[in-house]
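Enquirer: Sharing a structure below in C-alpha cells format, with a few things to ask.
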Number of protein chains: 2
Amino acid sequence: MVDLIKLGENAKKASFSLGKLSTNEKNEALLAVADALVAHSDEIITANKADMKNGKANNMSQGILDRLMLDEKRIADMADGLRQVAGLEDPIGEVLSMSKRPNGMIIGKRRVPIGVIGIIYEARPNVTSDAFALCFKTSNATILKGGSDAINSNRAIVKVIREVLKELDITEDAVSFIDSTDREDTKEFMKLNKYVDLLIPRGSASLIKATVENSTIPVIETGTGNCHIYVDEYADIDKAVKIIINAKTQRIGVCNACESLVIHKKIMNKAFPVILNALLDKDVEVRGDKQAVKAAYYAGVKIKEATEEDFYTEYLDYIISVKIVESIDEAIMHINEHNTKHSEAIISENYTNVQKFLDEIDAACVYANASTRFTDGNEFGFGAEIGISTQKIHARGPMGLKELTSQKYIIYGDGQIR
Amino acid sequence: MVDLIKLGENAKKASFSLGKLSTNEKNEALLAVADALVAHSDEIITANKADMKNGKANNMSQGILDRLMLDEKRIADMADGLRQVAGLEDPIGEVLSMSKRPNGMIIGKRRVPIGVIGIIYEARPNVTSDAFALCFKTSNATILKGGSDAINSNRAIVKVIREVLKELDITEDAVSFIDSTDREDTKEFMKLNKYVDLLIPRGSASLIKATVENSTIPVIETGTGNCHIYVDEYADIDKAVKIIINAKTQRIGVCNACESLVIHKKIMNKAFPVILNALLDKDVEVRGDKQAVKAAYYAGVKIKEATEEDFYTEYLDYIISVKIVESIDEAIMHINEHNTKHSEAIISENYTNVQKFLDEIDAACVYANASTRFTDGNEFGFGAEIGISTQKIHARGPMGLKELTSQKYIIYGDGQIR
C-alpha cells in the first residue's frame, strides 16, 4: 500500500509553492526536463523493455503494445512536447475582468492554478510527460496514476522529471506517481478530495465510468466519442462523401472519428449509394436501419441490419451505422439521444437547417460542413491538450492550458463595510 | 418511492425545449409566475402552516422555524425576486470568442445552458422560487429536493409555477420537485448522472459533505465559510476595528461572516486590546491562542484559550478565535491550512504585504482593507446568486447567471477535412 494521504499532503504543499514560480522559471524547468528525458533515454527504454516483456507475456494486443512501446524517437517526441508547452503563453495571473463597485471597492477576477490535479490513465507512457508539462505550466501539482502495464516506464520518466526539479530547487512534489498496481490504491486515490482538486480520467469508457462512480473529487469526463454526421436533404453530396470518408477512416481508433451516419430520406436514393460505395472501397462495414438496408439492396449491395445497440456504439473500428430520418428534427432527436456529447456534423447547403443543427445539437463541438476529426487542442489552436471534455461543467471540448486553471476574486478596498 | 428515472427523463427532455425559448418568452414567464405566486398566497400560506405545525411539534429551533415561515410579505419578496431575475441580462447565446483557423474554418465558442440542474436544500421555501428563476432564466431544467420540513410549502409553490408554465405552453417539467421525505430517494437522486448535469447542495456542511460523498453527478460545493481577517503589522487600527466588527457582528449566521482573527505580533499590544474591547462591547466571546490569552490578561480581560478545533470552526455565532503570528508568511500558512477557501481579508497599509496576501491566499475572494461580508452576488453586481462556490472547478465565489451556463464550440466549415 502506498501512503496516499502523505502523497496528497505533499502535493497540496507543493501546489502552494508552484503558485509562486514565475513563467520564466517554469519554462526553464520544462526545457531542462525535455533535455533530461533525451539524456536518460537508455534508462527509460530499459524500463520500458520490462513493461513490454510483461505485456507480451500477458498476451497484450498488438495495438496496446504499440502504444506502450518507447524508443529514442518517441522519447525525442515527448521532449518536443515539453518544449512546445514551454513555448505556450502562460495563462496564470491573467485578469479576466476588473471593475469598480459603487462603494469604491475594486473587484478583479484573476486566473489562478487549480491546485492539485490527478490524472488516471492507461498504458501510454507519453501521457506521463504530457500531463506533467500541462499541469506544471499552469502551476498545478500533479499526481499520476498510470496503467499498471506501464509502471516501469512511468517510474523511470517521473524519476527523471523529479531529479531535474530538485536540481533547479523546485519542489519535486510538483509531480508524484502512485507506484502501485493495487486497484485498492486507485480507489483510495479517488477519495482524496481533501487534497486533490480535480481528477481527469483518460482512457476507455469503463475507466471513466468507474472514476465517475467512485470519485469524491470533481471529475472531468473525457474522450468518449460516438460522433455522427448528418447528411441533410440539402447536402452537397461531394462534400458529404469527402467528409464522411475522412471522419470515418483517416484514423479509426480516435474519439473524434465518425461512428454513425444519419441521412435524410429525401436525399437517400441519390446520396447513400455513393457514400456506401466510398465506404466499402475503404473496407468499412456498414450497418443500416431497415430503410438503409433496403436502399443498399436496390443499389446492389447487401449490408447488415443495425441493432439499437449499434446506434449507441463507439466502434473505434472499420464499422459505421446508418440511420435514415424523415426530417432534420428527427435527425437532431436521434443524435441527442444516442451521442456522447462529443462532436457532431451536418452536411447541408441550407442556411436555416445549418443554424438549427448548430443551435439544437447537444455536444461539445458542432460542425457545419467539416470533419469531426478537427476536435483537437492543436487543431483548435490551443497548442496542446490534456483531453477532450464531454461534460458540461468547468470545461467542454478540447482542454488546453486555460482549462487547467481556476479563478479568484481579488478585492481592493479602503475600509469598506456593509 | 418517487419514479426518479421518469422524473430525470422528463427534465432532460424539457431542457431541450427550454433551449429554444427566446429571452422575451422566458422573461414573460418569470413575471407571470411572480404574479401567480402573489395571487395564490393564501394556498401557499395554508400549506406553510402545515409545515410550521409539524416543525413546532418536532421541536424545531426558533431560527429554523423563522426561515421556514411564509407570510404575504415574504411571498411578495419571492415574487420580487422573480421580477428581478426577469430584468437581468440573459447570458445564453453570447459568443465568447470566434476566430478563423488557417484552414478557413471559423470556430466560435457559444454560451449554452447546462441542461438539467439539481438543487438540494434545507427548510427554506424561498429557495424553491429563487432556484427556479435562476435556472429557468438560463434555459436549464431544474429538479428540486427541498428539506422534508418544508415539503408542503414547496409542493404548493411548485404547483403554482407549473400551472403558469402550462398556461403559457411551456413545458411544465422545466421545474420538478421530488415529493418525498425518504432519504433513499435523495440518495438515488444523487446517482442520476445520466439525466442531471450539475448538482448544487445548499445548506449545512454535513449536507454538502453527504452530497460530495454520494453523488455521481458533478457537484458544486457552496457556502461553508471559515473566514479570517489578518491584522498586519502595518494595519490602520481604526480600519481594522471597523472591518472586524462589521465582518463578525453585522450578521452572524452567514457564510461570509468572520470567524477568526490573525494578528501580527508586532502590532499585538497596540491593536489587540482595542479590537478585544470592541468585540466584547458587541457581546462576542473571544478565544485566543496562548499569546492572545496573555495579551488579553495584560489588558485586564480574561479570555478562554482556543483549541486547535476552534481554528477549524465556522461558529456562525457570537464567538471568534484569535491567532498571533510572527510574520505574514505564518499568517498565510495558518489561513491556507484552516480556511474553507471562501473569503479572507488583510488589513494593511503596506503595499508589498497586501500584494503578497492577495497572491498567496487560496480562497474564492481575497480582500485588502474591506469586510469579508461583501462576498455576495448582489454586492458583486451579479443581480442574484444561486450560492457561493468554495471549490475551484467550473465556478468559484458568488454564482450568478453566467455560472449556470456551459459552452459549446460551433464550427462553420466549407468541406474541410484532415
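Just so we're on the same page: first chain in the C-alpha cells is A, next is B, and so on; residues restart at 1 for each chain, and ligands are numbered from 1 in the order they show up.
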For A:Met98, work out the shell of residues within 7 Å, counting only C-alpha atoms and skipping chain neighbours fewer than 5 positions away, then give it as a VMD selection string.
Expert: chain A and resid 106 to 109
Enquirer: May I have all residues of stretch 241-407 of chain B that DSSP, computed from the backbone, assigns to alpha helix (DSSP H), given as an NGL selection string?
Expert: :B and (241-249 or 265-281 or 290-298 or 308-311 or 328-338 or 351-360)
Enquirer: Find the spatial neighbours of stretch 183-189 of chain B, counting only C-alpha atoms, within a cut-off of 10 Å - ignore same-chain residues fewer than 4 positions away - and output them as a PyMOL selection string.
Expert: chain B and resi 1-5+7-8+118+120+143+145-146+148+178-179+193+195-196+199+210-211+214-217
Enquirer: Skipping near chain neighbours, those fewer than 3 positions away, what residues fall within 7 Å of stretch 129-136 of chain B using only C-alpha atoms, listed as a list in words?
Expert: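 So, after excluding close chain neighbours, the residues are Leu30, Met78, Gly81, Leu82, Val85, Asn126, Ser139, Asn140, Ala141, Thr142, Val175, Ile386, Leu401 and Leu404 of chain B.
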Enquirer: Counting only C-alpha atoms, collect the residues of chain A whose closest atom lies at most 8 Å from chain B, and write them out as a VMD selection string.
Expert: chain A and resid 16 19 to 20 101 107 114 197 to 198 212 to 219 239 to 240 242 to 243 246 to 247 250 358 360 363 to 371 373 to 374 380 to 381 391 to 397 406 to 418
Enquirer: Report the residues of stretch 174-384 of chain A whose backbone DSSP state falls under strand (DSSP E), written as number ranges by chain.
Expert: A: 175-177, 198-202, 227-231, 258-264, 285-288, 304-305, 319-325, 343-347, 365-370
Enquirer: Would you pick out the contacts of A:Ala292 at 12 Å or less, using only C-alpha atoms, so that residues sharing its chain but fewer than 4 positions from it are not included, and give the list as a VMD selection string?
Expert: chain A and resid 261 to 265 267 to 269 271 to 273 275 to 276 286 to 288 296 to 299 301 to 306 321 to 325
